[in-house]
Amino acid sequence: MENGSKKRWGFQGNQELKKAAAITIRGVLSTLLSNLSEEDQRPVIPLGHGDPSAFPCFRTTPVAEDAIVDAVRSANFNSYAPTVGLLPARRAVAEYLSGDLPYQLSPDDIYLTIGCTQAIEIMIQVLARPGANILLPRPGFPFYESQTAAKNLEARHFDLLPDQDWEVDLEAVKALADENTVAIVIINPGNPSGSVFTYEHLKKVAETARELGIMVISDEVYGQLAFGSKPFVPMGVFGSIVPIVTVGSISKRWVVPGWRLGWLVTNDLNGILHKTGVVESIISCLNISTDPATFIQGAVPEILQKTKEDFFSNTISMLRECTDIIYDGLQDIPCIICPHKPEGSMFVMVKLNLSLLKDINDDVEFCMKLSKEESVIVLPGVAVGMKNWLRVTFAIDPPSLQDGLGRIKAFYHRHAKKE
């Protein structure tokens, strides 16, 4: 600069965003992938994220693929869509979700979003105000923490109880809530727990939320992916008890996370979300947001209405087979404790017994060394709120899953304390 002086610029990066993104699943997985050994020529076993679309056994239905092609070739979906979404697509989502509810949803209850994550982002933005707080599950999906941090909404955590099938600790919820609490988030089927809540437990959650005067945000992105003894029950069943906002997408049930088509649904039989201005705020937020691609929206009616049941049943059968493999395989690895066989979603939470390992101090070190030595990617529990636990994805092809479990077992024996 002239005369050696330093020019002062009037801009700088937002440091709050750095804090908000400090721990994300993508960030942790990227670190693990960068730690892989170049000398290991074996295929990488991806047990760290919930995207099985790369495996032929989890390929989406041709009905969905054809719907996208038809929408593009029709030339009817090349323009901008309304900010709330195309009416035929919203109507199709309303009909699809109403099949499991004791009442009929209207297209006006449906707002289309860029995947489920945008629906989450919108609700956090709608509810954020100075001094407000929201109740989040632990373990949970860290995108909620990232969004609350970025929007200055205080996050308070209640525990899910592993010895009670990962049910919500409702007494802890009551103790955490105060006059500034706006909502409680539940994820069902559970990410990362693999749990499926019963009708009775969900009703208790709804009654507790009503008692506290807060809404329920029900994350059902893994909706219908239940393969144990408990059927999936949408939280919207209890919309007459408490205001509920349901977020979901086609990403998981149709195995197309890259298509980025989700929804935000108001299950509000008593009109409370209208009276309190929440619906108006949702629409306002959408008015200043981007939309899902119009041709994807155009394909939604065909995808939801024409997908055959055998596609869904085949997906459930494959997940059930993988669940048996992961659960049985983990029993043979002494340093891993699996408190609950997964009954839904694509994950299982397991606890590390570090006392059996000679040179590993925590879950992050376990996962880093595992990636380096065995080319197996597993998510450390700290990323989802539980230090010295692991979140293991089982939604990959069975031979790869068995290979991965064998490598983890070999890793354990290499690092086990000698008796």
# chains A, B, ... in the order shown; residues from 1 in each chain; ligands from 1

$ closest_atom_pairs --of "stretch 309-355 of chain A" --to "stretch 370-380 of chain A" --cutoff "12 Å" --atoms "only C-alpha atoms" --output "JSON lines"
{"residue": "A:Phe347", "atom": "CA", "partner": "A:Leu379", "partner_atom": "CA", "distance": 10.5}
{"residue": "A:Val348", "atom": "CA", "partner": "A:Leu379", "partner_atom": "CA", "distance": 10.8}
{"residue": "A:Met349", "atom": "CA", "partner": "A:Leu379", "partner_atom": "CA", "distance": 9.9}
{"residue": "A:Val350", "atom": "CA", "partner": "A:Pro380", "partner_atom": "CA", "distance": 10.1}
{"residue": "A:Lys351", "atom": "CA", "partner": "A:Pro380", "partner_atom": "CA", "distance": 10.2}
{"residue": "A:Leu352", "atom": "CA", "partner": "A:Pro380", "partner_atom": "CA", "distance": 10.0}

$ residues_around --residues "A:Ala177" --least-positions-apart "3" --cutoff "8 Å" --atoms "only C-alpha atoms" --output "list in words"
Leu135, Val173, Lys174, Asn180, Thr181 and Leu212 of chain A

$ closest_residue --among "A:Lys204, A:Lys409, A:Lys230, A:His274" --to "A:Asp109" --atoms "only C-alpha atoms"
A:His274

$ closest_atom_pairs --of "stretch 110-205 of chain A" --to "stretch 331-341 of chain A" --cutoff "9 Å" --atoms "only C-alpha atoms" --output "Markdown table"
| residue | atom | partner | partner_atom | distance |
| --- | --- | --- | --- | --- |
| A:Pro162 | CA | A:Pro339 | CA | 6.3 |
| A:Asp163 | CA | A:Pro339 | CA | 6.7 |
| A:Gln164 | CA | A:His340 | CA | 8.8 |
| A:Asp165 | CA | A:His340 | CA | 6.4 |
| A:Trp166 | CA | A:His340 | CA | 8.2 |
| A:Ser193 | CA | A:His340 | CA | 8.6 |
| A:Gly194 | CA | A:Lys341 | CA | 7.8 |
| A:Ser195 | CA | A:His340 | CA | 8.2 |

$ write_last_selection --atoms "N, CA, C and O atoms" --output "PDB file, in the first residue's frame"
ATOM      1  N   PRO A 162     -30.914 -45.421  25.896  1.00  0.00           N
ATOM      2  CA  PRO A 162     -30.568 -46.646  25.172  1.00  0.00           C
ATOM      3  C   PRO A 162     -31.118 -47.916  25.807  1.00  0.00           C
ATOM      4  O   PRO A 162     -31.410 -48.884  25.106  1.00  0.00           O
ATOM      5  N   ASP A 163     -31.262 -47.909  27.126  1.00  0.00           N
ATOM      6  CA  ASP A 163     -31.791 -49.106  27.788  1.00  0.00           C
ATOM      7  C   ASP A 163     -33.307 -49.162  27.767  1.00  0.00           C
ATOM      8  O   ASP A 163     -33.912 -50.087  28.298  1.00  0.00           O
ATOM      9  N   GLN A 164     -33.937 -48.171  27.151  1.00  0.00           N
ATOM     10  CA  GLN A 164     -35.396 -48.169  26.976  1.00  0.00           C
ATOM     11  C   GLN A 164     -35.741 -47.964  25.495  1.00  0.00           C
ATOM     12  O   GLN A 164     -36.615 -47.183  25.136  1.00  0.00           O
ATOM     13  N   ASP A 165     -35.039 -48.683  24.642  1.00  0.00           N
ATOM     14  CA  ASP A 165     -35.256 -48.625  23.196  1.00  0.00           C
ATOM     15  C   ASP A 165     -35.123 -47.203  22.654  1.00  0.00           C
ATOM     16  O   ASP A 165     -35.835 -46.815  21.730  1.00  0.00           O
ATOM     17  N   TRP A 166     -34.225 -46.430  23.250  1.00  0.00           N
ATOM     18  CA  TRP A 166     -33.939 -45.065  22.811  1.00  0.00           C
ATOM     19  C   TRP A 166     -35.163 -44.151  22.878  1.00  0.00           C
ATOM     20  O   TRP A 166     -35.308 -43.232  22.068  1.00  0.00           O
ATOM     21  N   SER A 193     -30.166 -43.525  16.099  1.00  0.00           N
ATOM     22  CA  SER A 193     -30.373 -44.644  17.027  1.00  0.00           C
ATOM     23  C   SER A 193     -30.919 -45.902  16.380  1.00  0.00           C
ATOM     24  O   SER A 193     -30.763 -46.995  16.924  1.00  0.00           O
ATOM     25  N   GLY A 194     -31.602 -45.777  15.228  1.00  0.00           N
ATOM     26  CA  GLY A 194     -32.231 -46.943  14.622  1.00  0.00           C
ATOM     27  C   GLY A 194     -33.494 -47.386  15.329  1.00  0.00           C
ATOM     28  O   GLY A 194     -34.002 -48.475  15.086  1.00  0.00           O
ATOM     29  N   SER A 195     -34.039 -46.520  16.194  1.00  0.00           N
ATOM     30  CA  SER A 195     -35.243 -46.868  16.954  1.00  0.00           C
ATOM     31  C   SER A 195     -36.506 -46.521  16.171  1.00  0.00           C
ATOM     32  O   SER A 195     -36.477 -45.740  15.215  1.00  0.00           O
TER      33      SER A 195
END

$ residues_around --residues "A:Ala128" --least-positions-apart "4" --cutoff "8 Å" --atoms "only C-alpha atoms" --output "MDAnalysis selection string"
chainID A and resid 124 132:133 148 151:153

$ write_last_selection --atoms "all heavy atoms" --output "CSV table (one decimal), in the first residue's frame"
chain,number,residue,atom,x,y,z
A,124,ILE,N,-36.2,-23.7,11.9
A,124,ILE,CA,-35.3,-23.0,12.9
A,124,ILE,C,-35.4,-21.5,12.7
A,124,ILE,O,-35.4,-20.8,13.6
A,124,ILE,CB,-33.9,-23.6,12.7
A,124,ILE,CG1,-33.8,-25.1,13.0
A,124,ILE,CG2,-33.0,-22.8,13.6
A,124,ILE,CD1,-34.3,-25.5,14.4
A,132,ALA,N,-35.0,-17.3,22.8
A,132,ALA,CA,-35.8,-18.5,22.7
A,132,ALA,C,-34.8,-19.7,22.7
A,132,ALA,O,-33.6,-19.6,22.4
A,132,ALA,CB,-36.5,-18.5,21.4
A,133,ASN,N,-35.4,-20.9,23.1
A,133,ASN,CA,-34.6,-22.1,23.0
A,133,ASN,C,-35.5,-23.3,22.5
A,133,ASN,O,-36.7,-23.2,22.4
A,133,ASN,CB,-34.1,-22.5,24.4
A,133,ASN,CG,-35.2,-22.8,25.4
A,133,ASN,OD1,-35.8,-23.9,25.4
A,133,ASN,ND2,-35.6,-21.9,26.3
A,148,THR,N,-29.3,-24.0,14.6
A,148,THR,CA,-29.6,-23.2,15.8
A,148,THR,C,-28.5,-22.3,16.1
A,148,THR,O,-28.7,-21.1,16.5
A,148,THR,CB,-29.9,-24.1,17.0
A,148,THR,OG1,-28.9,-25.0,17.3
A,148,THR,CG2,-31.2,-24.9,16.8
A,151,LYS,N,-28.4,-19.3,13.7
A,151,LYS,CA,-29.5,-18.4,13.8
A,151,LYS,C,-29.8,-18.0,15.3
A,151,LYS,O,-30.8,-17.4,15.6
A,151,LYS,CB,-30.8,-19.1,13.2
A,151,LYS,CG,-30.6,-19.3,11.7
A,151,LYS,CD,-31.7,-20.1,11.2
A,151,LYS,CE,-31.6,-20.2,9.6
A,151,LYS,NZ,-30.4,-20.9,9.2
A,152,ASN,N,-28.8,-18.2,16.1
A,152,ASN,CA,-28.8,-17.7,17.5
A,152,ASN,C,-30.1,-18.2,18.3
A,152,ASN,O,-30.7,-17.4,19.0
A,152,ASN,CB,-28.8,-16.2,17.6
A,152,ASN,CG,-27.4,-15.7,17.1
A,152,ASN,OD1,-26.4,-16.2,17.5
A,152,ASN,ND2,-27.4,-14.7,16.2
A,153,LEU,N,-30.4,-19.4,18.1
A,153,LEU,CA,-31.5,-20.1,18.8
A,153,LEU,C,-30.8,-21.1,19.8
A,153,LEU,O,-30.1,-22.0,19.3
A,153,LEU,CB,-32.5,-20.8,17.9
A,153,LEU,CG,-33.6,-21.6,18.5
A,153,LEU,CD1,-34.6,-20.7,19.3
A,153,LEU,CD2,-34.4,-22.4,17.4

$ residues_around --residues "A:Val28" --least-positions-apart "4" --cutoff "8 Å" --atoms "only C-alpha atoms" --output "list in words"
Ile23, Thr24, Leu32, Leu379 and Ala383 of chain A

$ residues_around --residues "A:Pro107" --least-positions-apart "5" --cutoff "9 Å" --atoms "only C-alpha atoms" --output "list in words"
Leu87, Pro88, Ala89, Arg90, Arg91, Ala92, Val93, Ala94 and Glu95 of chain A

$ residues_around --residues "A:Val300" --least-positions-apart "4" --cutoff "12 Å" --atoms "only C-alpha atoms" --output "PyMOL selection string"
chain A and resi 63-71+77+85-96+112+249-250+254+259-263+292-296+304-307

$ select_by_dssp --residues "stretch 54-286 of chain A" --states "strand (DSSP E)" --output "CSV table (one decimal) with N, CA and C atoms, in the first residue's frame"
chain,number,residue,atom,x,y,z
A,110,ILE,N,-49.0,-28.3,2.9
A,110,ILE,CA,-47.8,-28.9,2.4
A,110,ILE,C,-46.9,-27.7,1.8
A,111,TYR,N,-45.7,-27.7,2.1
A,111,TYR,CA,-44.7,-26.8,1.5
A,111,TYR,C,-43.5,-27.6,1.0
A,112,LEU,N,-43.2,-27.5,-0.3
A,112,LEU,CA,-42.1,-28.3,-0.8
A,112,LEU,C,-40.8,-27.6,-0.6
A,113,THR,N,-39.7,-28.3,-0.3
A,113,THR,CA,-38.4,-27.8,0.1
A,113,THR,C,-37.3,-28.6,-0.7
A,133,ASN,N,-35.4,-20.9,23.1
A,133,ASN,CA,-34.6,-22.1,23.0
A,133,ASN,C,-35.5,-23.3,22.5
A,134,ILE,N,-34.8,-24.3,22.0
A,134,ILE,CA,-35.4,-25.4,21.4
A,134,ILE,C,-34.8,-26.7,22.0
A,135,LEU,N,-35.6,-27.7,22.1
A,135,LEU,CA,-35.2,-29.0,22.8
A,135,LEU,C,-34.8,-30.0,21.7
A,136,LEU,N,-33.6,-30.5,21.7
A,136,LEU,CA,-33.1,-31.4,20.7
A,136,LEU,C,-32.7,-32.7,21.3
A,137,PRO,N,-32.8,-33.8,20.6
A,137,PRO,CA,-32.5,-35.1,21.1
A,137,PRO,C,-31.0,-35.4,21.1
A,138,ARG,N,-30.5,-36.1,22.1
A,138,ARG,CA,-29.1,-36.6,22.1
A,138,ARG,C,-29.1,-38.1,22.3
A,154,GLU,N,-31.1,-20.9,21.1
A,154,GLU,CA,-30.4,-21.8,22.0
A,154,GLU,C,-30.9,-23.2,21.9
A,155,ALA,N,-29.9,-24.2,21.8
A,155,ALA,CA,-30.3,-25.6,21.8
A,155,ALA,C,-30.1,-26.2,23.2
A,156,ARG,N,-31.1,-26.9,23.7
A,156,ARG,CA,-31.0,-27.6,24.9
A,156,ARG,C,-31.3,-29.1,24.6
A,157,HIS,N,-30.5,-30.0,25.2
A,157,HIS,CA,-30.5,-31.4,24.8
A,157,HIS,C,-31.1,-32.3,25.9
A,158,PHE,N,-32.1,-33.1,25.4
A,158,PHE,CA,-32.6,-34.2,26.3
A,158,PHE,C,-32.1,-35.5,25.8
A,159,ASP,N,-31.9,-36.4,26.7
A,159,ASP,CA,-31.4,-37.7,26.3
A,159,ASP,C,-32.4,-38.7,25.7
A,160,LEU,N,-32.0,-39.5,24.8
A,160,LEU,CA,-32.7,-40.7,24.4
A,160,LEU,C,-32.1,-41.8,25.2
A,161,LEU,N,-32.9,-42.7,25.7
A,161,LEU,CA,-32.5,-43.7,26.7
A,161,LEU,C,-32.2,-45.1,26.0
A,167,GLU,N,-36.0,-44.4,23.8
A,167,GLU,CA,-37.2,-43.5,24.0
A,167,GLU,C,-36.7,-42.1,24.6
A,168,VAL,N,-37.6,-41.1,24.4
A,168,VAL,CA,-37.3,-39.8,24.9
A,168,VAL,C,-37.4,-39.8,26.5
A,181,THR,N,-39.1,-21.7,25.8
A,181,THR,CA,-39.0,-22.9,24.9
A,181,THR,C,-40.0,-22.8,23.8
A,182,VAL,N,-39.6,-23.1,22.6
A,182,VAL,CA,-40.6,-23.0,21.4
A,182,VAL,C,-41.0,-24.3,20.9
A,183,ALA,N,-40.1,-25.3,20.9
A,183,ALA,CA,-40.4,-26.6,20.3
A,183,ALA,C,-39.5,-27.7,20.8
A,184,ILE,N,-40.0,-28.9,20.6
A,184,ILE,CA,-39.2,-30.1,20.8
A,184,ILE,C,-39.1,-30.9,19.5
A,185,VAL,N,-37.9,-31.4,19.2
A,185,VAL,CA,-37.6,-32.1,17.9
A,185,VAL,C,-37.5,-33.6,18.3
A,186,ILE,N,-38.2,-34.4,17.5
A,186,ILE,CA,-38.0,-35.9,17.6
A,186,ILE,C,-37.7,-36.4,16.2
A,187,ILE,N,-36.9,-37.4,16.1
A,187,ILE,CA,-36.6,-38.0,14.8
A,187,ILE,C,-37.0,-39.5,14.9
A,215,MET,N,-44.6,-26.6,20.3
A,215,MET,CA,-44.9,-27.4,19.2
A,215,MET,C,-43.9,-28.6,19.1
A,216,VAL,N,-44.3,-29.6,18.3
A,216,VAL,CA,-43.4,-30.7,18.0
A,216,VAL,C,-43.0,-30.6,16.6
A,217,ILE,N,-41.7,-30.7,16.4
A,217,ILE,CA,-41.1,-30.9,15.0
A,217,ILE,C,-40.7,-32.3,14.9
A,218,SER,N,-41.4,-33.0,14.0
A,218,SER,CA,-41.2,-34.4,13.8
A,218,SER,C,-40.4,-34.7,12.5
A,219,ASP,N,-39.2,-35.1,12.7
A,219,ASP,CA,-38.3,-35.4,11.5
A,219,ASP,C,-38.6,-36.9,11.1
A,244,ILE,N,-48.1,-29.7,15.3
A,244,ILE,CA,-47.0,-30.5,14.8
A,244,ILE,C,-46.6,-30.1,13.5
A,245,VAL,N,-45.3,-29.9,13.3
A,245,VAL,CA,-44.7,-29.7,12.0
A,245,VAL,C,-43.9,-30.9,11.6
A,246,THR,N,-44.3,-31.6,10.5
A,246,THR,CA,-43.6,-32.8,10.1
A,246,THR,C,-42.6,-32.4,8.9
A,247,VAL,N,-41.4,-32.9,9.0
A,247,VAL,CA,-40.5,-32.7,7.8
A,247,VAL,C,-40.1,-34.0,7.3
A,248,GLY,N,-40.0,-34.1,6.0
A,248,GLY,CA,-39.7,-35.4,5.4
A,248,GLY,C,-39.2,-35.2,3.9
A,249,SER,N,-39.1,-36.3,3.2
A,249,SER,CA,-38.6,-36.2,1.8
A,249,SER,C,-38.8,-37.5,1.1
A,262,GLY,N,-38.0,-32.4,-0.7
A,262,GLY,CA,-38.6,-32.7,0.6
A,262,GLY,C,-39.8,-31.9,0.8
A,263,TRP,N,-40.3,-31.9,2.1
A,263,TRP,CA,-41.6,-31.2,2.4
A,263,TRP,C,-41.6,-30.8,3.9
A,264,LEU,N,-42.3,-29.8,4.1
A,264,LEU,CA,-42.7,-29.3,5.4
A,264,LEU,C,-44.2,-29.3,5.5
A,265,VAL,N,-44.7,-30.0,6.6
A,265,VAL,CA,-46.2,-30.2,6.7
A,265,VAL,C,-46.7,-29.7,8.0
A,266,THR,N,-47.7,-28.9,8.0
A,266,THR,CA,-48.4,-28.5,9.2
A,266,THR,C,-49.5,-29.4,9.6
A,267,ASN,N,-49.3,-30.2,10.6
A,267,ASN,CA,-50.4,-31.0,11.2
A,267,ASN,C,-51.0,-30.2,12.4

$ select_by_dssp --residues "stretch 343-419 of chain A" --states "alpha helix (DSSP H)" --output "VMD selection string"
chain A and resid 363 to 374 398 to 415

$ atom_distance --atom1 "atom CA of A:Asn35" --atom2 "atom CA of A:Val364"
12.1 Å

$ atom_distance --atom1 "atom CA of A:Pro234" --atom2 "atom CA of A:Leu105"
13.0 Å

$ closest_residue --among "A:Pro102, A:Gly48, A:Gly271, A:Gly258" --to "A:Val242" --atoms "only C-alpha atoms"
A:Gly271

$ closest_residue --among "A:Gly10, A:Pro139, A:Gly190, A:Gly115" --to "A:Trp389" --atoms "only C-alpha atoms"
A:Pro139

$ residues_around --residues "A:Lys417" --least-positions-apart "5" --cutoff "10 Å" --atoms "only C-alpha atoms" --output "PDB file with N, CA and C atoms, in the first residue's frame"
ATOM      1  N   LEU A 354     -13.602 -48.879  25.754  1.00  0.00           N
ATOM      2  CA  LEU A 354     -12.213 -48.491  25.534  1.00  0.00           C
ATOM      3  C   LEU A 354     -11.251 -49.210  26.479  1.00  0.00           C
ATOM      4  N   SER A 355     -11.776 -49.768  27.570  1.00  0.00           N
ATOM      5  CA  SER A 355     -10.905 -50.461  28.525  1.00  0.00           C
ATOM      6  C   SER A 355     -10.292 -51.722  27.916  1.00  0.00           C
ATOM      7  N   LEU A 356     -10.853 -52.197  26.815  1.00  0.00           N
ATOM      8  CA  LEU A 356     -10.319 -53.390  26.164  1.00  0.00           C
ATOM      9  C   LEU A 356      -9.267 -53.059  25.106  1.00  0.00           C
ATOM     10  N   LEU A 357      -9.047 -51.767  24.871  1.00  0.00           N
ATOM     11  CA  LEU A 357      -8.125 -51.350  23.815  1.00  0.00           C
ATOM     12  C   LEU A 357      -6.887 -50.710  24.432  1.00  0.00           C
ATOM     13  N   LYS A 358      -5.720 -51.024  23.891  1.00  0.00           N
ATOM     14  CA  LYS A 358      -4.471 -50.605  24.539  1.00  0.00           C
ATOM     15  C   LYS A 358      -3.989 -49.228  24.109  1.00  0.00           C
ATOM     16  N   ASP A 359      -4.371 -48.770  22.940  1.00  0.00           N
ATOM     17  CA  ASP A 359      -3.772 -47.545  22.416  1.00  0.00           C
ATOM     18  C   ASP A 359      -4.789 -46.631  21.738  1.00  0.00           C
ATOM     19  N   TYR A 412      -9.899 -54.716  15.938  1.00  0.00           N
ATOM     20  CA  TYR A 412      -9.989 -54.909  17.391  1.00  0.00           C
ATOM     21  C   TYR A 412      -8.858 -55.817  17.893  1.00  0.00           C
TER      22      TYR A 412
END

$ decode --residues "stretch 70-131 of chain A" --atoms "C-alpha atoms" --output "compact mmCIF listing (two decimals), in the first residue's frame"
# COMPACT_ATOMS: atom_id res chain seq x y z
CA ASP A 70 -41.24 -37.67 -18.50
CA ALA A 71 -41.25 -34.40 -16.56
CA VAL A 72 -38.17 -33.11 -18.37
CA ARG A 73 -39.34 -34.16 -21.83
CA SER A 74 -42.81 -32.71 -21.36
CA ALA A 75 -41.34 -29.19 -21.37
CA ASN A 76 -44.05 -28.28 -18.86
CA PHE A 77 -41.63 -27.77 -15.97
CA ASN A 78 -38.97 -25.42 -17.30
CA SER A 79 -40.26 -22.31 -15.54
CA TYR A 80 -40.14 -21.06 -11.97
CA ALA A 81 -42.49 -22.75 -9.52
CA PRO A 82 -44.56 -21.02 -6.82
CA THR A 83 -42.51 -20.57 -3.66
CA VAL A 84 -44.69 -23.05 -1.76
CA GLY A 85 -44.39 -25.62 -4.55
CA LEU A 86 -46.42 -26.78 -7.53
CA LEU A 87 -50.04 -27.51 -6.60
CA PRO A 88 -50.19 -31.01 -8.20
CA ALA A 89 -47.06 -32.02 -6.28
CA ARG A 90 -48.39 -30.61 -2.99
CA ARG A 91 -51.69 -32.38 -3.56
CA ALA A 92 -49.86 -35.66 -4.20
CA VAL A 93 -47.79 -35.29 -1.00
CA ALA A 94 -50.96 -34.50 0.98
CA GLU A 95 -52.66 -37.65 -0.35
CA TYR A 96 -49.56 -39.78 0.26
CA LEU A 97 -49.17 -38.67 3.89
CA SER A 98 -52.89 -38.73 4.66
CA GLY A 99 -52.94 -42.48 4.12
CA ASP A 100 -51.48 -42.96 7.61
CA LEU A 101 -53.48 -40.24 9.36
CA PRO A 102 -56.99 -40.18 10.88
CA TYR A 103 -57.76 -37.02 8.88
CA GLN A 104 -57.12 -35.63 5.42
CA LEU A 105 -54.31 -33.16 4.78
CA SER A 106 -54.89 -30.29 2.38
CA PRO A 107 -52.38 -29.13 -0.24
CA ASP A 108 -52.32 -25.91 1.78
CA ASP A 109 -50.71 -27.89 4.62
CA ILE A 110 -47.79 -28.86 2.37
CA TYR A 111 -44.70 -26.79 1.51
CA LEU A 112 -42.10 -28.25 -0.83
CA THR A 113 -38.44 -27.82 0.07
CA ILE A 114 -34.96 -28.64 -1.21
CA GLY A 115 -34.72 -31.91 0.68
CA CYS A 116 -35.59 -32.36 4.33
CA THR A 117 -32.65 -30.21 5.40
CA GLN A 118 -34.19 -27.04 3.95
CA ALA A 119 -37.41 -27.82 5.80
CA ILE A 120 -35.38 -28.02 9.03
CA GLU A 121 -33.57 -24.79 8.20
CA ILE A 122 -36.86 -22.99 7.56
CA MET A 123 -38.40 -24.10 10.86
CA ILE A 124 -35.33 -23.04 12.85
CA GLN A 125 -35.41 -19.65 11.14
CA VAL A 126 -39.16 -19.28 11.77
CA LEU A 127 -38.82 -20.05 15.48
CA ALA A 128 -35.62 -18.14 16.22
CA ARG A 129 -36.09 -15.01 18.35
CA PRO A 130 -33.97 -13.40 21.07
CA GLY A 131 -33.89 -15.56 24.19
